[in-house]
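Presented below is the structure to which this report refers.
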Amino acid sequence: MSQINTLIKPTHNCNLRCNYCFHEKYGYEKKLLDMNKLKKYIDLLSENYKYINLVWHGGEALTVSLDYYEEIYNYCDSKNSKFMFSVQTNGTLLTPKIVNFFNRTNTNIGLSFDGLNNELMRRHTYETLEGIKLLQKNNYNPGAIIVINQNNVKNLINEVTYSANDYINEIDNKIYSITNVEDNLDKAYIEVNKLKEEFKRNFLCYNLDEYDKSYKKILLIEGCIIKNKEKIDNIKKNLNSTKKTNKEILTRVKKLNSQKKTLQ
Ligand code: SF4
């Protein structure tokens, strides 16, 4: 046989602690797979196979430094076999430097992301979404592995149909009438901040443009509320200082009056 696919775990270390992670049982050991052992494994593979597909897995494969990968990619290059690379990642540690390295080495990137249930099962949804954005900016269109379990199996239809429009309607309903009435502004400010957090936590990002559009709308509304609150605060401040001056004048007048009476 001239081709083999093989999965390598250079580490058991991970920066997340997902609810269902089997690594928990064994601990998230930071020790790296010994480079010499890995090179011997590459030797063995290249002696027997012409096409070799290596998948970097973990733990979280991106807790391992780029130097480690540089060294082993160079070693693979020195062999006669043709190597292809992929990495499976939770996406939260992606940086422009890492993406650039994978781009340069034609490494495929797969994400682990649980969609609408991500925050429940894995948390760090916002960081994963930022990772996806970065990949898309660099012309990656990553697929994702989703863990299906009894908590999310019923939601699979919602996963597909949920869209940013649901959020836009929700914002419009929640921010009802933003008038100059103080109470409403305070309420609206609390609501918009709750919504912001909710949006970051739960939004499923099939379309990042939609995500951006909706999130910008929330920020815009928040900006309007803050501006209006500032206006009201200034009016209140002015009123208070006028009240204080009026009170002082009144006290002075009363004092003068009583002095006048005494003189008479
Ligand atoms: S990202 Fe993977 S390795 Fe890390 S905690 Fe979650 S399931 Fe476990």
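Ordered as shown in the structure tokens, chains take letters A, B, and onward, while each chain numbers its residues from 1 and ligands are numbered from 1 in the order shown.
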
Would you write out, as a tab-separated table, a table of all residues in chain A that have an atom no more than 7 Å from an atom of ligand 1, listing for each the closest atom pair and the distance in Å to one decimal, considering only C-alpha atoms and all ligand atoms and ordering rows by chain and rising residue number?
```
residue	atom	partner	partner_atom_place_in_ligand_line	distance
A:Cys14	CA	ligand 1	4 (Fe)	4.7
A:Asn15	CA	ligand 1	4 (Fe)	6.3
A:Leu16	CA	ligand 1	5 (S)	4.4
A:Arg17	CA	ligand 1	5 (S)	3.8
A:Cys18	CA	ligand 1	6 (Fe)	4.1
A:Tyr20	CA	ligand 1	7 (S)	6.6
A:Cys21	CA	ligand 1	8 (Fe)	4.1
A:Phe22	CA	ligand 1	8 (Fe)	6.5
A:His23	CA	ligand 1	8 (Fe)	5.8
A:Gly58	CA	ligand 1	3 (S)	5.8
A:Gly59	CA	ligand 1	3 (S)	3.8
A:Glu60	CA	ligand 1	3 (S)	5.3
A:Asn90	CA	ligand 1	1 (S)	5.2
A:Arg122	CA	ligand 1	6 (Fe)	6.3
```

Checklist entry - Near Met84 of chain A, within 10 Å and counting only C-alpha atoms, which residues show up once chain neighbours fewer than 6 positions away are dropped, as a ChimeraX atom specification? => result /A:5,51-55,73,76,105-108

Checklist entry - For Tyr49 of chain A, which residue out of A:Ser81, A:Thr6, A:Asn228, A:Gln259 is the nearest one, using only C-alpha atoms? => result A:Ser81

Item to check | Interatomic distance, atom CA of Leu129 of chain A to atom CA of Phe113 of chain A (Å, one decimal) | outcome: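 Distance reported for this atom pair: 9.3 Å.
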
Checklist entry - Please, which residues of segment 68-137 of chain A, numbered as in this document, come out helix (DSSP H, G or I) from DSSP, as a PyMOL selection string? => result chain A and resi 68-77+96-104+115-121+125-137

Please save N, CA and C atoms of the selected residues as an mmCIF file, in the first residue's frame.
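File produced: selection23.cif:
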```
data_model
loop_
_atom_site.group_PDB
_atom_site.id
_atom_site.type_symbol
_atom_site.label_atom_id
_atom_site.label_comp_id
_atom_site.auth_asym_id
_atom_site.auth_seq_id
_atom_site.Cartn_x
_atom_site.Cartn_y
_atom_site.Cartn_z
ATOM 1 N N TYR A 68 8.454 23.639 17.265
ATOM 2 C CA TYR A 68 8.302 22.174 17.238
ATOM 3 C C TYR A 68 7.815 21.734 15.851
ATOM 4 N N TYR A 69 6.768 22.435 15.367
ATOM 5 C CA TYR A 69 6.216 22.062 14.060
ATOM 6 C C TYR A 69 7.205 22.358 12.939
ATOM 7 N N GLU A 70 7.893 23.507 13.039
ATOM 8 C CA GLU A 70 8.896 23.873 12.002
ATOM 9 C C GLU A 70 9.897 22.721 11.866
ATOM 10 N N GLU A 71 10.371 22.237 13.029
ATOM 11 C CA GLU A 71 11.411 21.195 13.007
ATOM 12 C C GLU A 71 10.904 19.917 12.340
ATOM 13 N N ILE A 72 9.697 19.516 12.688
ATOM 14 C CA ILE A 72 9.222 18.243 12.145
ATOM 15 C C ILE A 72 8.796 18.383 10.670
ATOM 16 N N TYR A 73 8.296 19.547 10.276
ATOM 17 C CA TYR A 73 7.956 19.775 8.860
ATOM 18 C C TYR A 73 9.236 19.728 8.027
ATOM 19 N N ASN A 74 10.300 20.351 8.541
ATOM 20 C CA ASN A 74 11.575 20.325 7.804
ATOM 21 C C ASN A 74 12.086 18.899 7.671
ATOM 22 N N TYR A 75 11.897 18.130 8.758
ATOM 23 C CA TYR A 75 12.358 16.742 8.720
ATOM 24 C C TYR A 75 11.569 15.958 7.658
ATOM 25 N N CYS A 76 10.270 16.179 7.623
ATOM 26 C CA CYS A 76 9.436 15.489 6.619
ATOM 27 C C CYS A 76 9.883 15.882 5.204
ATOM 28 N N ASP A 77 10.232 17.148 5.047
ATOM 29 C CA ASP A 77 10.696 17.642 3.733
ATOM 30 C C ASP A 77 11.939 16.916 3.246
ATOM 31 N N PRO A 96 -2.218 35.414 13.810
ATOM 32 C CA PRO A 96 -1.805 35.600 12.419
ATOM 33 C C PRO A 96 -0.525 34.818 12.098
ATOM 34 N N LYS A 97 0.403 34.739 13.059
ATOM 35 C CA LYS A 97 1.669 34.029 12.819
ATOM 36 C C LYS A 97 1.423 32.524 12.578
ATOM 37 N N ILE A 98 0.546 31.944 13.409
ATOM 38 C CA ILE A 98 0.250 30.505 13.269
ATOM 39 C C ILE A 98 -0.472 30.252 11.944
ATOM 40 N N VAL A 99 -1.464 31.100 11.649
ATOM 41 C CA VAL A 99 -2.227 30.911 10.403
ATOM 42 C C VAL A 99 -1.289 31.051 9.200
ATOM 43 N N ASN A 100 -0.383 31.988 9.293
ATOM 44 C CA ASN A 100 0.578 32.195 8.210
ATOM 45 C C ASN A 100 1.451 30.945 7.998
ATOM 46 N N PHE A 101 1.876 30.331 9.101
ATOM 47 C CA PHE A 101 2.687 29.108 9.005
ATOM 48 C C PHE A 101 1.890 27.990 8.324
ATOM 49 N N PHE A 102 0.626 27.801 8.760
ATOM 50 C CA PHE A 102 -0.174 26.723 8.176
ATOM 51 C C PHE A 102 -0.491 26.998 6.698
ATOM 52 N N ASN A 103 -0.677 28.277 6.392
ATOM 53 C CA ASN A 103 -0.921 28.664 5.003
ATOM 54 C C ASN A 103 0.277 28.294 4.131
ATOM 55 N N ARG A 104 1.446 28.682 4.638
ATOM 56 C CA ARG A 104 2.699 28.467 3.909
ATOM 57 C C ARG A 104 2.980 26.972 3.702
ATOM 58 N N GLY A 115 -21.469 24.798 17.817
ATOM 59 C CA GLY A 115 -22.596 25.629 17.377
ATOM 60 C C GLY A 115 -23.352 26.251 18.529
ATOM 61 N N LEU A 116 -24.688 26.193 18.451
ATOM 62 C CA LEU A 116 -25.527 26.846 19.476
ATOM 63 C C LEU A 116 -25.254 26.326 20.875
ATOM 64 N N ASN A 117 -24.773 25.092 20.968
ATOM 65 C CA ASN A 117 -24.500 24.517 22.285
ATOM 66 C C ASN A 117 -23.058 24.711 22.716
ATOM 67 N N ASN A 118 -22.313 25.454 21.910
ATOM 68 C CA ASN A 118 -20.888 25.553 22.203
ATOM 69 C C ASN A 118 -20.615 26.090 23.608
ATOM 70 N N GLU A 119 -21.341 27.153 23.957
ATOM 71 C CA GLU A 119 -21.064 27.779 25.254
ATOM 72 C C GLU A 119 -21.404 26.821 26.394
ATOM 73 N N LEU A 120 -22.431 26.033 26.181
ATOM 74 C CA LEU A 120 -22.852 25.084 27.206
ATOM 75 C C LEU A 120 -21.815 23.971 27.370
ATOM 76 N N MET A 121 -21.337 23.454 26.265
ATOM 77 C CA MET A 121 -20.453 22.293 26.312
ATOM 78 C C MET A 121 -18.970 22.653 26.394
ATOM 79 N N THR A 125 -16.736 30.610 23.345
ATOM 80 C CA THR A 125 -17.296 30.749 21.999
ATOM 81 C C THR A 125 -16.741 31.984 21.292
ATOM 82 N N TYR A 126 -16.637 33.079 22.033
ATOM 83 C CA TYR A 126 -16.186 34.321 21.404
ATOM 84 C C TYR A 126 -14.781 34.146 20.810
ATOM 85 N N GLU A 127 -13.893 33.507 21.570
ATOM 86 C CA GLU A 127 -12.521 33.309 21.084
ATOM 87 C C GLU A 127 -12.511 32.410 19.848
ATOM 88 N N THR A 128 -13.363 31.378 19.869
ATOM 89 C CA THR A 128 -13.412 30.484 18.694
ATOM 90 C C THR A 128 -13.898 31.256 17.478
ATOM 91 N N LEU A 129 -14.923 32.115 17.682
ATOM 92 C CA LEU A 129 -15.444 32.900 16.551
ATOM 93 C C LEU A 129 -14.374 33.855 16.014
ATOM 94 N N GLU A 130 -13.584 34.415 16.917
ATOM 95 C CA GLU A 130 -12.492 35.295 16.471
ATOM 96 C C GLU A 130 -11.496 34.484 15.628
ATOM 97 N N GLY A 131 -11.240 33.234 16.067
ATOM 98 C CA GLY A 131 -10.341 32.348 15.320
ATOM 99 C C GLY A 131 -10.882 32.080 13.924
ATOM 100 N N ILE A 132 -12.198 31.835 13.829
ATOM 101 C CA ILE A 132 -12.817 31.568 12.518
ATOM 102 C C ILE A 132 -12.658 32.792 11.617
ATOM 103 N N LYS A 133 -12.882 33.977 12.212
ATOM 104 C CA LYS A 133 -12.764 35.215 11.432
ATOM 105 C C LYS A 133 -11.360 35.323 10.842
ATOM 106 N N LEU A 134 -10.371 35.053 11.699
ATOM 107 C CA LEU A 134 -8.978 35.155 11.266
ATOM 108 C C LEU A 134 -8.694 34.179 10.115
ATOM 109 N N LEU A 135 -9.240 32.966 10.238
ATOM 110 C CA LEU A 135 -9.028 31.975 9.173
ATOM 111 C C LEU A 135 -9.679 32.449 7.872
ATOM 112 N N GLN A 136 -10.888 32.990 7.997
ATOM 113 C CA GLN A 136 -11.584 33.432 6.788
ATOM 114 C C GLN A 136 -10.851 34.591 6.125
ATOM 115 N N LYS A 137 -10.275 35.463 6.950
ATOM 116 C CA LYS A 137 -9.502 36.571 6.397
ATOM 117 C C LYS A 137 -8.316 36.049 5.592
#
```

Next on the checklist: So the first atom is atom CA of His124 of chain A and the second is atom CA of Glu24 of chain A; what is the distance between them in Å, to one decimal place?
Outcome noted: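 Answer for the atom CA of His124 of chain A to atom CA of Glu24 of chain A separation: 17.7 Å.
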
Checklist entry - Near segment 144-146 of chain A, counting only C-alpha atoms, which residues have an atom at most 6 Å away, once you skip same-chain residues fewer than 6 positions from it, shown as a PyMOL selection string? => result chain A and resi 110-114

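Nearest residue to Lys37 of chain A among A:Ile8, A:Ile109, A:Leu94, A:Leu66 is A:Ile8, counting only C-alpha atoms.
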
Item to check | Pairwise distance for atom CA of Leu38 of chain A and atom CA of Gly143 of chain A, rounded to one decimal in Å | outcome: 27.4 Å

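Of the listed residues A:Gly91, A:Pro142, A:Gly223, A:Gly27, the one whose atoms come nearest to Thr63 of chain A is A:Gly91, with distances taken using only C-alpha atoms.
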
Next on the checklist: Need the shell around Leu219 of chain A: protein/DNA/RNA residues with any atom at most 10 Å away, counting only C-alpha atoms. Skip same-chain ones fewer than 5 positions apart. Format as a list in words?
Outcome noted: Val192, Asn193, Lys196, Ser214, Cys224 and Ile225 of chain A

With N, CA and C atoms kept, could you save the residues just selected as an mmCIF file, in the first residue's frame?
```cif
data_model
loop_
_atom_site.group_PDB
_atom_site.id
_atom_site.type_symbol
_atom_site.label_atom_id
_atom_site.label_comp_id
_atom_site.auth_asym_id
_atom_site.auth_seq_id
_atom_site.Cartn_x
_atom_site.Cartn_y
_atom_site.Cartn_z
ATOM 1 N N VAL A 192 -29.354 46.184 26.777
ATOM 2 C CA VAL A 192 -28.436 46.104 25.635
ATOM 3 C C VAL A 192 -27.135 45.425 26.045
ATOM 4 N N ASN A 193 -26.738 45.626 27.288
ATOM 5 C CA ASN A 193 -25.517 44.959 27.743
ATOM 6 C C ASN A 193 -25.717 43.472 27.950
ATOM 7 N N LYS A 196 -25.661 41.989 24.575
ATOM 8 C CA LYS A 196 -24.298 41.930 24.041
ATOM 9 C C LYS A 196 -23.601 40.652 24.504
ATOM 10 N N SER A 214 -25.058 42.463 13.005
ATOM 11 C CA SER A 214 -25.909 42.494 14.190
ATOM 12 C C SER A 214 -25.159 43.058 15.382
ATOM 13 N N CYS A 224 -26.075 55.233 21.363
ATOM 14 C CA CYS A 224 -27.189 56.198 21.464
ATOM 15 C C CYS A 224 -27.630 56.335 22.905
ATOM 16 N N ILE A 225 -27.748 55.203 23.586
ATOM 17 C CA ILE A 225 -28.209 55.248 24.983
ATOM 18 C C ILE A 225 -27.210 56.044 25.823
#
```
